[in-house]
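Okay, data_1.cif is below, mmCIF, C-alpha atoms, pLDDT in the B column; chains and numbers go by the auth columns:
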data_upload
loop_
_atom_site.group_PDB
_atom_site.id
_atom_site.type_symbol
_atom_site.label_atom_id
_atom_site.label_comp_id
_atom_site.label_asym_id
_atom_site.label_seq_id
_atom_site.Cartn_x
_atom_site.Cartn_y
_atom_site.Cartn_z
_atom_site.B_iso_or_equiv
_atom_site.auth_seq_id
_atom_site.auth_asym_id
ATOM 1 C CA MET A 1 5.714 -2.729 22.718 44.00 1 A
ATOM 2 C CA THR A 2 3.062 -4.424 20.614 52.00 2 A
ATOM 3 C CA VAL A 3 3.934 -7.510 18.611 62.00 3 A
ATOM 4 C CA PRO A 4 1.962 -9.459 16.016 64.00 4 A
ATOM 5 C CA GLY A 5 -0.697 -11.312 17.967 77.00 5 A
ATOM 6 C CA THR A 6 -1.660 -8.514 20.360 89.00 6 A
ATOM 7 C CA PHE A 7 -4.118 -6.924 17.933 93.00 7 A
ATOM 8 C CA ARG A 8 -5.584 -10.311 17.071 94.00 8 A
ATOM 9 C CA SER A 9 -6.080 -11.231 20.724 94.00 9 A
ATOM 10 C CA ALA A 10 -7.766 -7.897 21.424 95.00 10 A
ATOM 11 C CA VAL A 11 -10.137 -8.279 18.453 96.00 11 A
ATOM 12 C CA GLU A 12 -11.020 -11.849 19.405 95.00 12 A
ATOM 13 C CA ALA A 13 -11.788 -10.651 22.941 96.00 13 A
ATOM 14 C CA LYS A 14 -13.847 -7.758 21.494 96.00 14 A
ATOM 15 C CA ASP A 15 -11.801 -5.499 23.796 97.00 15 A
ATOM 16 C CA LEU A 16 -11.921 -2.056 22.172 96.00 16 A
ATOM 17 C CA ALA A 17 -9.617 -0.532 24.805 96.00 17 A
ATOM 18 C CA ALA A 18 -6.937 -3.168 24.099 96.00 18 A
ATOM 19 C CA ILE A 19 -7.417 -2.737 20.346 96.00 19 A
ATOM 20 C CA THR A 20 -6.975 1.022 20.726 97.00 20 A
ATOM 21 C CA ASP A 21 -3.829 0.507 22.829 96.00 21 A
ATOM 22 C CA ALA A 22 -2.334 -1.526 19.956 96.00 22 A
ATOM 23 C CA LEU A 23 -2.818 1.356 17.486 97.00 23 A
ATOM 24 C CA ASP A 24 -0.191 3.966 16.688 96.00 24 A
ATOM 25 C CA PRO A 25 -1.467 7.557 17.115 97.00 25 A
ATOM 26 C CA GLY A 26 -0.878 8.143 13.391 97.00 26 A
ATOM 27 C CA ILE A 27 -2.501 4.939 12.111 97.00 27 A
ATOM 28 C CA GLU A 28 -4.025 4.846 8.644 97.00 28 A
ATOM 29 C CA PHE A 29 -7.019 2.561 7.993 96.00 29 A
ATOM 30 C CA ASN A 30 -7.862 1.633 4.387 95.00 30 A
ATOM 31 C CA SER A 31 -10.770 -0.348 3.003 88.00 31 A
ATOM 32 C CA PRO A 32 -12.093 -1.075 -0.477 78.00 32 A
ATOM 33 C CA VAL A 33 -15.518 0.186 0.605 78.00 33 A
ATOM 34 C CA MET A 34 -14.272 3.653 1.649 79.00 34 A
ATOM 35 C CA VAL A 35 -12.914 6.313 -0.678 81.00 35 A
ATOM 36 C CA LYS A 36 -10.737 8.044 1.906 89.00 36 A
ATOM 37 C CA PRO A 37 -8.684 6.405 4.651 93.00 37 A
ATOM 38 C CA TYR A 38 -9.491 6.915 8.307 92.00 38 A
ATOM 39 C CA LEU A 39 -6.534 8.657 9.940 96.00 39 A
ATOM 40 C CA GLY A 40 -5.503 8.706 13.588 97.00 40 A
ATOM 41 C CA ARG A 41 -6.066 6.479 16.589 97.00 41 A
ATOM 42 C CA ASP A 42 -9.380 8.050 17.685 94.00 42 A
ATOM 43 C CA ALA A 43 -11.015 7.881 14.248 93.00 43 A
ATOM 44 C CA VAL A 44 -9.833 4.319 13.614 96.00 44 A
ATOM 45 C CA ALA A 45 -10.865 3.169 17.104 95.00 45 A
ATOM 46 C CA ALA A 46 -14.360 4.599 16.556 92.00 46 A
ATOM 47 C CA LEU A 47 -14.653 2.727 13.262 92.00 47 A
ATOM 48 C CA LEU A 48 -13.332 -0.505 14.769 95.00 48 A
ATOM 49 C CA GLY A 49 -15.874 -0.161 17.587 94.00 49 A
ATOM 50 C CA VAL A 50 -18.652 -0.073 14.988 92.00 50 A
ATOM 51 C CA LEU A 51 -17.150 -3.066 13.185 94.00 51 A
ATOM 52 C CA LEU A 52 -17.107 -5.034 16.452 95.00 52 A
ATOM 53 C CA GLU A 53 -20.865 -4.442 16.663 94.00 53 A
ATOM 54 C CA VAL A 54 -21.648 -5.053 12.974 94.00 54 A
ATOM 55 C CA PHE A 55 -19.720 -8.277 12.403 95.00 55 A
ATOM 56 C CA GLU A 56 -21.604 -11.365 13.569 96.00 56 A
ATOM 57 C CA ASP A 57 -19.829 -14.663 14.273 96.00 57 A
ATOM 58 C CA PHE A 58 -16.473 -13.019 13.536 97.00 58 A
ATOM 59 C CA ARG A 59 -13.471 -15.318 13.725 97.00 59 A
ATOM 60 C CA TYR A 60 -9.950 -15.367 12.403 97.00 60 A
ATOM 61 C CA THR A 61 -9.230 -18.527 10.416 97.00 61 A
ATOM 62 C CA ASP A 62 -5.608 -18.031 9.336 96.00 62 A
ATOM 63 C CA GLU A 63 -2.617 -15.874 10.196 93.00 63 A
ATOM 64 C CA LEU A 64 0.470 -15.006 8.186 90.00 64 A
ATOM 65 C CA VAL A 65 3.408 -13.115 9.695 83.00 65 A
ATOM 66 C CA GLY A 66 6.269 -11.804 7.623 82.00 66 A
ATOM 67 C CA SER A 67 8.626 -8.918 7.192 71.00 67 A
ATOM 68 C CA SER A 68 8.703 -5.908 4.903 68.00 68 A
ATOM 69 C CA ALA A 69 9.639 -6.511 1.268 69.00 69 A
ATOM 70 C CA ASN A 70 13.287 -5.639 1.903 71.00 70 A
ATOM 71 C CA GLY A 71 13.346 -7.532 5.199 69.00 71 A
ATOM 72 C CA ALA A 72 14.673 -4.531 7.107 70.00 72 A
ATOM 73 C CA GLY A 73 11.479 -3.179 8.668 72.00 73 A
ATOM 74 C CA PRO A 74 9.147 -4.265 11.433 75.00 74 A
ATOM 75 C CA PRO A 75 6.981 -7.353 10.888 77.00 75 A
ATOM 76 C CA ALA A 76 3.730 -7.360 8.960 86.00 76 A
ATOM 77 C CA GLN A 77 0.737 -9.576 9.671 91.00 77 A
ATOM 78 C CA ALA A 78 -2.195 -10.803 7.589 94.00 78 A
ATOM 79 C CA LEU A 79 -5.236 -12.119 9.432 96.00 79 A
ATOM 80 C CA ILE A 80 -7.880 -13.920 7.391 97.00 80 A
ATOM 81 C CA PHE A 81 -11.402 -13.866 8.831 98.00 81 A
ATOM 82 C CA THR A 82 -14.976 -14.961 8.291 98.00 82 A
ATOM 83 C CA ALA A 83 -18.092 -13.234 9.608 97.00 83 A
ATOM 84 C CA ARG A 84 -21.622 -12.255 8.730 96.00 84 A
ATOM 85 C CA VAL A 85 -23.044 -8.779 8.185 95.00 85 A
ATOM 86 C CA ALA A 86 -26.814 -8.421 8.201 92.00 86 A
ATOM 87 C CA GLY A 87 -27.012 -12.157 7.527 92.00 87 A
ATOM 88 C CA LYS A 88 -24.584 -12.109 4.574 94.00 88 A
ATOM 89 C CA ALA A 89 -21.424 -14.243 4.733 97.00 89 A
ATOM 90 C CA VAL A 90 -18.199 -12.248 4.503 96.00 90 A
ATOM 91 C CA GLN A 91 -14.621 -13.360 4.000 97.00 91 A
ATOM 92 C CA GLY A 92 -11.897 -10.858 4.676 96.00 92 A
ATOM 93 C CA LEU A 93 -8.301 -10.067 5.374 97.00 93 A
ATOM 94 C CA ASP A 94 -6.784 -7.617 7.848 96.00 94 A
ATOM 95 C CA LEU A 95 -3.321 -6.513 6.717 95.00 95 A
ATOM 96 C CA LEU A 96 -1.420 -4.949 9.585 95.00 96 A
ATOM 97 C CA ARG A 97 1.797 -2.984 9.338 92.00 97 A
ATOM 98 C CA PHE A 98 3.795 -2.214 12.446 91.00 98 A
ATOM 99 C CA GLY A 99 6.036 0.750 13.237 89.00 99 A
ATOM 100 C CA ASP A 100 9.342 0.727 15.045 85.00 100 A
ATOM 101 C CA THR A 101 7.498 1.002 18.365 87.00 101 A
ATOM 102 C CA GLY A 102 5.573 -2.186 17.601 87.00 102 A
ATOM 103 C CA LEU A 103 2.218 -0.402 17.351 93.00 103 A
ATOM 104 C CA VAL A 104 -0.047 -0.887 14.339 95.00 104 A
ATOM 105 C CA THR A 105 0.677 1.969 11.916 95.00 105 A
ATOM 106 C CA GLY A 106 -1.393 0.683 9.008 95.00 106 A
ATOM 107 C CA LEU A 107 -4.484 -1.470 8.760 96.00 107 A
ATOM 108 C CA THR A 108 -5.951 -2.413 5.399 96.00 108 A
ATOM 109 C CA VAL A 109 -9.131 -4.476 5.375 95.00 109 A
ATOM 110 C CA MET A 110 -10.305 -6.317 2.281 95.00 110 A
ATOM 111 C CA VAL A 111 -13.634 -8.134 2.100 95.00 111 A
ATOM 112 C CA ARG A 112 -15.515 -10.297 -0.366 95.00 112 A
ATOM 113 C CA PRO A 113 -17.896 -11.121 -1.995 96.00 113 A
ATOM 114 C CA LEU A 114 -19.075 -7.817 -3.460 94.00 114 A
ATOM 115 C CA PRO A 115 -22.706 -8.013 -2.230 93.00 115 A
ATOM 116 C CA ALA A 116 -21.480 -8.562 1.339 93.00 116 A
ATOM 117 C CA ALA A 117 -18.909 -5.760 0.971 92.00 117 A
ATOM 118 C CA MET A 118 -21.659 -3.413 -0.191 93.00 118 A
ATOM 119 C CA THR A 119 -23.875 -4.432 2.732 93.00 119 A
ATOM 120 C CA LEU A 120 -20.951 -3.838 5.100 92.00 120 A
ATOM 121 C CA ALA A 121 -20.345 -0.388 3.600 90.00 121 A
ATOM 122 C CA ARG A 122 -24.012 0.543 3.926 92.00 122 A
ATOM 123 C CA VAL A 123 -24.422 -0.705 7.512 92.00 123 A
ATOM 124 C CA VAL A 124 -21.142 0.780 8.761 90.00 124 A
ATOM 125 C CA GLY A 125 -21.765 4.041 6.908 86.00 125 A
ATOM 126 C CA LYS A 126 -25.161 4.503 8.564 89.00 126 A
ATOM 127 C CA ARG A 127 -23.730 3.825 12.018 86.00 127 A
ATOM 128 C CA MET A 128 -20.759 6.151 11.510 84.00 128 A
ATOM 129 C CA GLU A 129 -23.102 8.917 10.277 85.00 129 A
ATOM 130 C CA ALA A 130 -25.375 8.426 13.285 83.00 130 A
ATOM 131 C CA ALA A 131 -22.385 8.558 15.643 78.00 131 A
ATOM 132 C CA ALA A 132 -21.096 11.739 13.975 78.00 132 A
ATOM 133 C CA GLU A 133 -24.524 13.389 14.231 81.00 133 A
ATOM 134 C CA ALA A 134 -24.832 12.388 17.887 80.00 134 A
ATOM 135 C CA GLU A 135 -21.367 13.792 18.582 77.00 135 A
ATOM 136 C CA LYS A 136 -22.244 17.009 16.747 80.00 136 A
ATOM 137 C CA ALA A 137 -25.500 17.328 18.727 81.00 137 A
ATOM 138 C CA THR A 138 -23.700 16.680 22.013 77.00 138 A
ATOM 139 C CA GLY A 139 -21.099 19.285 21.098 68.00 139 A
ATOM 140 C CA ALA A 140 -23.799 21.814 20.193 57.00 140 A
ATOM 141 C CA GLU A 141 -25.657 21.118 23.456 58.00 141 A
ATOM 142 C CA GLY A 142 -22.435 21.506 25.398 56.00 142 A
ATOM 143 C CA ALA A 143 -21.713 24.811 23.675 51.00 143 A
ATOM 144 C CA ALA A 144 -25.246 26.032 24.403 51.00 144 A
ATOM 145 C CA GLU A 145 -24.928 25.046 28.060 54.00 145 A
ATOM 146 C CA GLY A 146 -21.573 26.812 28.258 53.00 146 A
ATOM 147 C CA ALA A 147 -23.115 29.968 26.770 52.00 147 A
ATOM 148 C CA LYS A 148 -25.887 29.936 29.416 54.00 148 A
ATOM 149 C CA ALA A 149 -23.413 29.702 32.293 51.00 149 A
#

Represent the structure of the file as structure tokens.
Amino acid sequence: MTVPGTFRSAVEAKDLAAITDALDPGIEFNSPVMVKPYLGRDAVAALLGVLLEVFEDFRYTDELVGSSANGAGPPAQALIFTARVAGKAVQGLDLLRFGDTGLVTGLTVMVRPLPAAMTLARVVGKRMEAAAEAEKATGAEGAAEGAKA
């Protein structure tokens, strides 16, 4: 079972496997710089892998742990961070929601200031597009190889 602190430790260690292990299979990732949420462990892990590469000097500065609004659900956690993206200073907050199993079911990231958020969106978007194109090309090559066999 994952508890608040496990995700943070994995991020601070830049351990993508441990981060992925802390995610619920049905996780939803939301960000102010993306129109649609990323859904599912694999999609969110791929995005978080890119963020691990993009953020420079990333560090959590504060942590808040609480419960759901009615106090009946699993804990929630807010992690405040600082970093740089392409040389621009970023402040942000990771809001984590946990399911009954203790895994992270929801992750909402908010960043400021706006110029840094826009830089983050641009840099991450380019990397995610490149990864998708590489995956598509690998899949097409694999299909072509399978057809030859």

Spell out the residues picked by the PyMOL selection byres ((chain A and resi 22-24) around 12) here, as a PDB file with C-alpha atoms, in the frame of the given file.
ATOM      1  CA  MET A   1       5.714  -2.729  22.718  1.00 44.00           C
ATOM      2  CA  THR A   2       3.062  -4.424  20.614  1.00 52.00           C
ATOM      3  CA  VAL A   3       3.934  -7.510  18.611  1.00 62.00           C
ATOM      4  CA  PRO A   4       1.962  -9.459  16.016  1.00 64.00           C
ATOM      5  CA  GLY A   5      -0.697 -11.312  17.967  1.00 77.00           C
ATOM      6  CA  THR A   6      -1.660  -8.514  20.360  1.00 89.00           C
ATOM      7  CA  PHE A   7      -4.118  -6.924  17.933  1.00 93.00           C
ATOM      8  CA  ARG A   8      -5.584 -10.311  17.071  1.00 94.00           C
ATOM      9  CA  SER A   9      -6.080 -11.231  20.724  1.00 94.00           C
ATOM     10  CA  ALA A  10      -7.766  -7.897  21.424  1.00 95.00           C
ATOM     11  CA  VAL A  11     -10.137  -8.279  18.453  1.00 96.00           C
ATOM     12  CA  ASP A  15     -11.801  -5.499  23.796  1.00 97.00           C
ATOM     13  CA  LEU A  16     -11.921  -2.056  22.172  1.00 96.00           C
ATOM     14  CA  ALA A  17      -9.617  -0.532  24.805  1.00 96.00           C
ATOM     15  CA  ALA A  18      -6.937  -3.168  24.099  1.00 96.00           C
ATOM     16  CA  ILE A  19      -7.417  -2.737  20.346  1.00 96.00           C
ATOM     17  CA  THR A  20      -6.975   1.022  20.726  1.00 97.00           C
ATOM     18  CA  ASP A  21      -3.829   0.507  22.829  1.00 96.00           C
ATOM     19  CA  PRO A  25      -1.467   7.557  17.115  1.00 97.00           C
ATOM     20  CA  GLY A  26      -0.878   8.143  13.391  1.00 97.00           C
ATOM     21  CA  ILE A  27      -2.501   4.939  12.111  1.00 97.00           C
ATOM     22  CA  GLU A  28      -4.025   4.846   8.644  1.00 97.00           C
ATOM     23  CA  PHE A  29      -7.019   2.561   7.993  1.00 96.00           C
ATOM     24  CA  LEU A  39      -6.534   8.657   9.940  1.00 96.00           C
ATOM     25  CA  GLY A  40      -5.503   8.706  13.588  1.00 97.00           C
ATOM     26  CA  ARG A  41      -6.066   6.479  16.589  1.00 97.00           C
ATOM     27  CA  ASP A  42      -9.380   8.050  17.685  1.00 94.00           C
ATOM     28  CA  ALA A  43     -11.015   7.881  14.248  1.00 93.00           C
ATOM     29  CA  VAL A  44      -9.833   4.319  13.614  1.00 96.00           C
ATOM     30  CA  ALA A  45     -10.865   3.169  17.104  1.00 95.00           C
ATOM     31  CA  LEU A  48     -13.332  -0.505  14.769  1.00 95.00           C
ATOM     32  CA  LEU A  96      -1.420  -4.949   9.585  1.00 95.00           C
ATOM     33  CA  ARG A  97       1.797  -2.984   9.338  1.00 92.00           C
ATOM     34  CA  PHE A  98       3.795  -2.214  12.446  1.00 91.00           C
ATOM     35  CA  GLY A  99       6.036   0.750  13.237  1.00 89.00           C
ATOM     36  CA  ASP A 100       9.342   0.727  15.045  1.00 85.00           C
ATOM     37  CA  THR A 101       7.498   1.002  18.365  1.00 87.00           C
ATOM     38  CA  GLY A 102       5.573  -2.186  17.601  1.00 87.00           C
ATOM     39  CA  LEU A 103       2.218  -0.402  17.351  1.00 93.00           C
ATOM     40  CA  VAL A 104      -0.047  -0.887  14.339  1.00 95.00           C
ATOM     41  CA  THR A 105       0.677   1.969  11.916  1.00 95.00           C
ATOM     42  CA  GLY A 106      -1.393   0.683   9.008  1.00 95.00           C
ATOM     43  CA  LEU A 107      -4.484  -1.470   8.760  1.00 96.00           C
TER      44      LEU A 107
END

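Relative to atom CA of Ala132 of chain A, atom CA of Phe81 of chain A is found at 27.9 Å.
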
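Counting only C-alpha atoms, Asp62 of chain A has the following residues at most 10 Å away, ignoring those fewer than 5 positions along the same chain: Ala78, Leu79, Ile80, Phe81, Thr82 and Leu93 of chain A.
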
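Against this structure, the PyMOL selection byres ((chain A and resi 111) around 6) ends up with Gln91, Gly92, Met110, Arg112 and Ala117 of chain A.
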
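Atom pair atom CA of Met34 of chain A / atom CA of Asp94 of chain A: separated by 14.9 Å.
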
Checklist entry - If you count all atoms listed in the file, which residues fall within 8 Å of Glu56 of chain A, apart from same-chain ones fewer than 2 positions away, as a PyMOL selection string? => result chain A and resi 53-54+58+83-85

Item to check | Distance of atom CA of Ala137 of chain A from atom CA of Lys14 of chain A, expressed in Å to one decimal place | outcome: 27.8 Å

Go ahead and fit an axis-aligned box to every listed atom of segment 17-30 of chain A plus 5 Å each side, and pass me the centre and edge lengths in Å, one decimal, as lines of an AutoDock Vina configuration file.
center_x = -4.9
center_y = 2.5
center_z = 14.6
size_x = 19.4
size_y = 21.3
size_z = 30.4

Checklist entry - Which residues, written as a VMD selection string, have at least one atom at most 12 Å from Arg127 of chain A, with only C-alpha atoms counted and residues fewer than 6 positions away on the same chain left out? => result chain A and resid 46 to 54 120 to 121 133 to 134

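When only C-alpha atoms are used to compute distances to Leu64 of chain A, the closest of the residues A:Thr138, A:Pro37, A:Val124, A:Leu95 turns out to be A:Leu95.
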